[in-house]
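Worksheet for the structure shown next.
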Amino acid sequence: MDKSLAEAAHLQAIEGNPLQPRELTMFEKFEHEGWPPEERRAYIAGQFGGRGDVAPAE
């Protein structure tokens, strides 16, 4: 797991919403395969039914 993903997972845990193993695997796949942000958002929306709004990354 790279440093930025580890930090994000830690922050999620602090907020009381830890990443599940399936989610960690998904984010590791994105990083390893170099998915662009737009494709990541589309994949997540499709997998999780678009629950909630996903703000674009800046």
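Order determines the names: the first chain of the structure tokens is A, the second B, and so forth; residues in each chain are numbered 1 upward, and ligands are numbered 1 upward as they are shown.
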
* To do: Using DSSP on the backbone coordinates, identify all residues within chain A classified as alpha helix (DSSP H); present the result as a ChimeraX atom specification.
  => /A:3-14,21-33,37-47
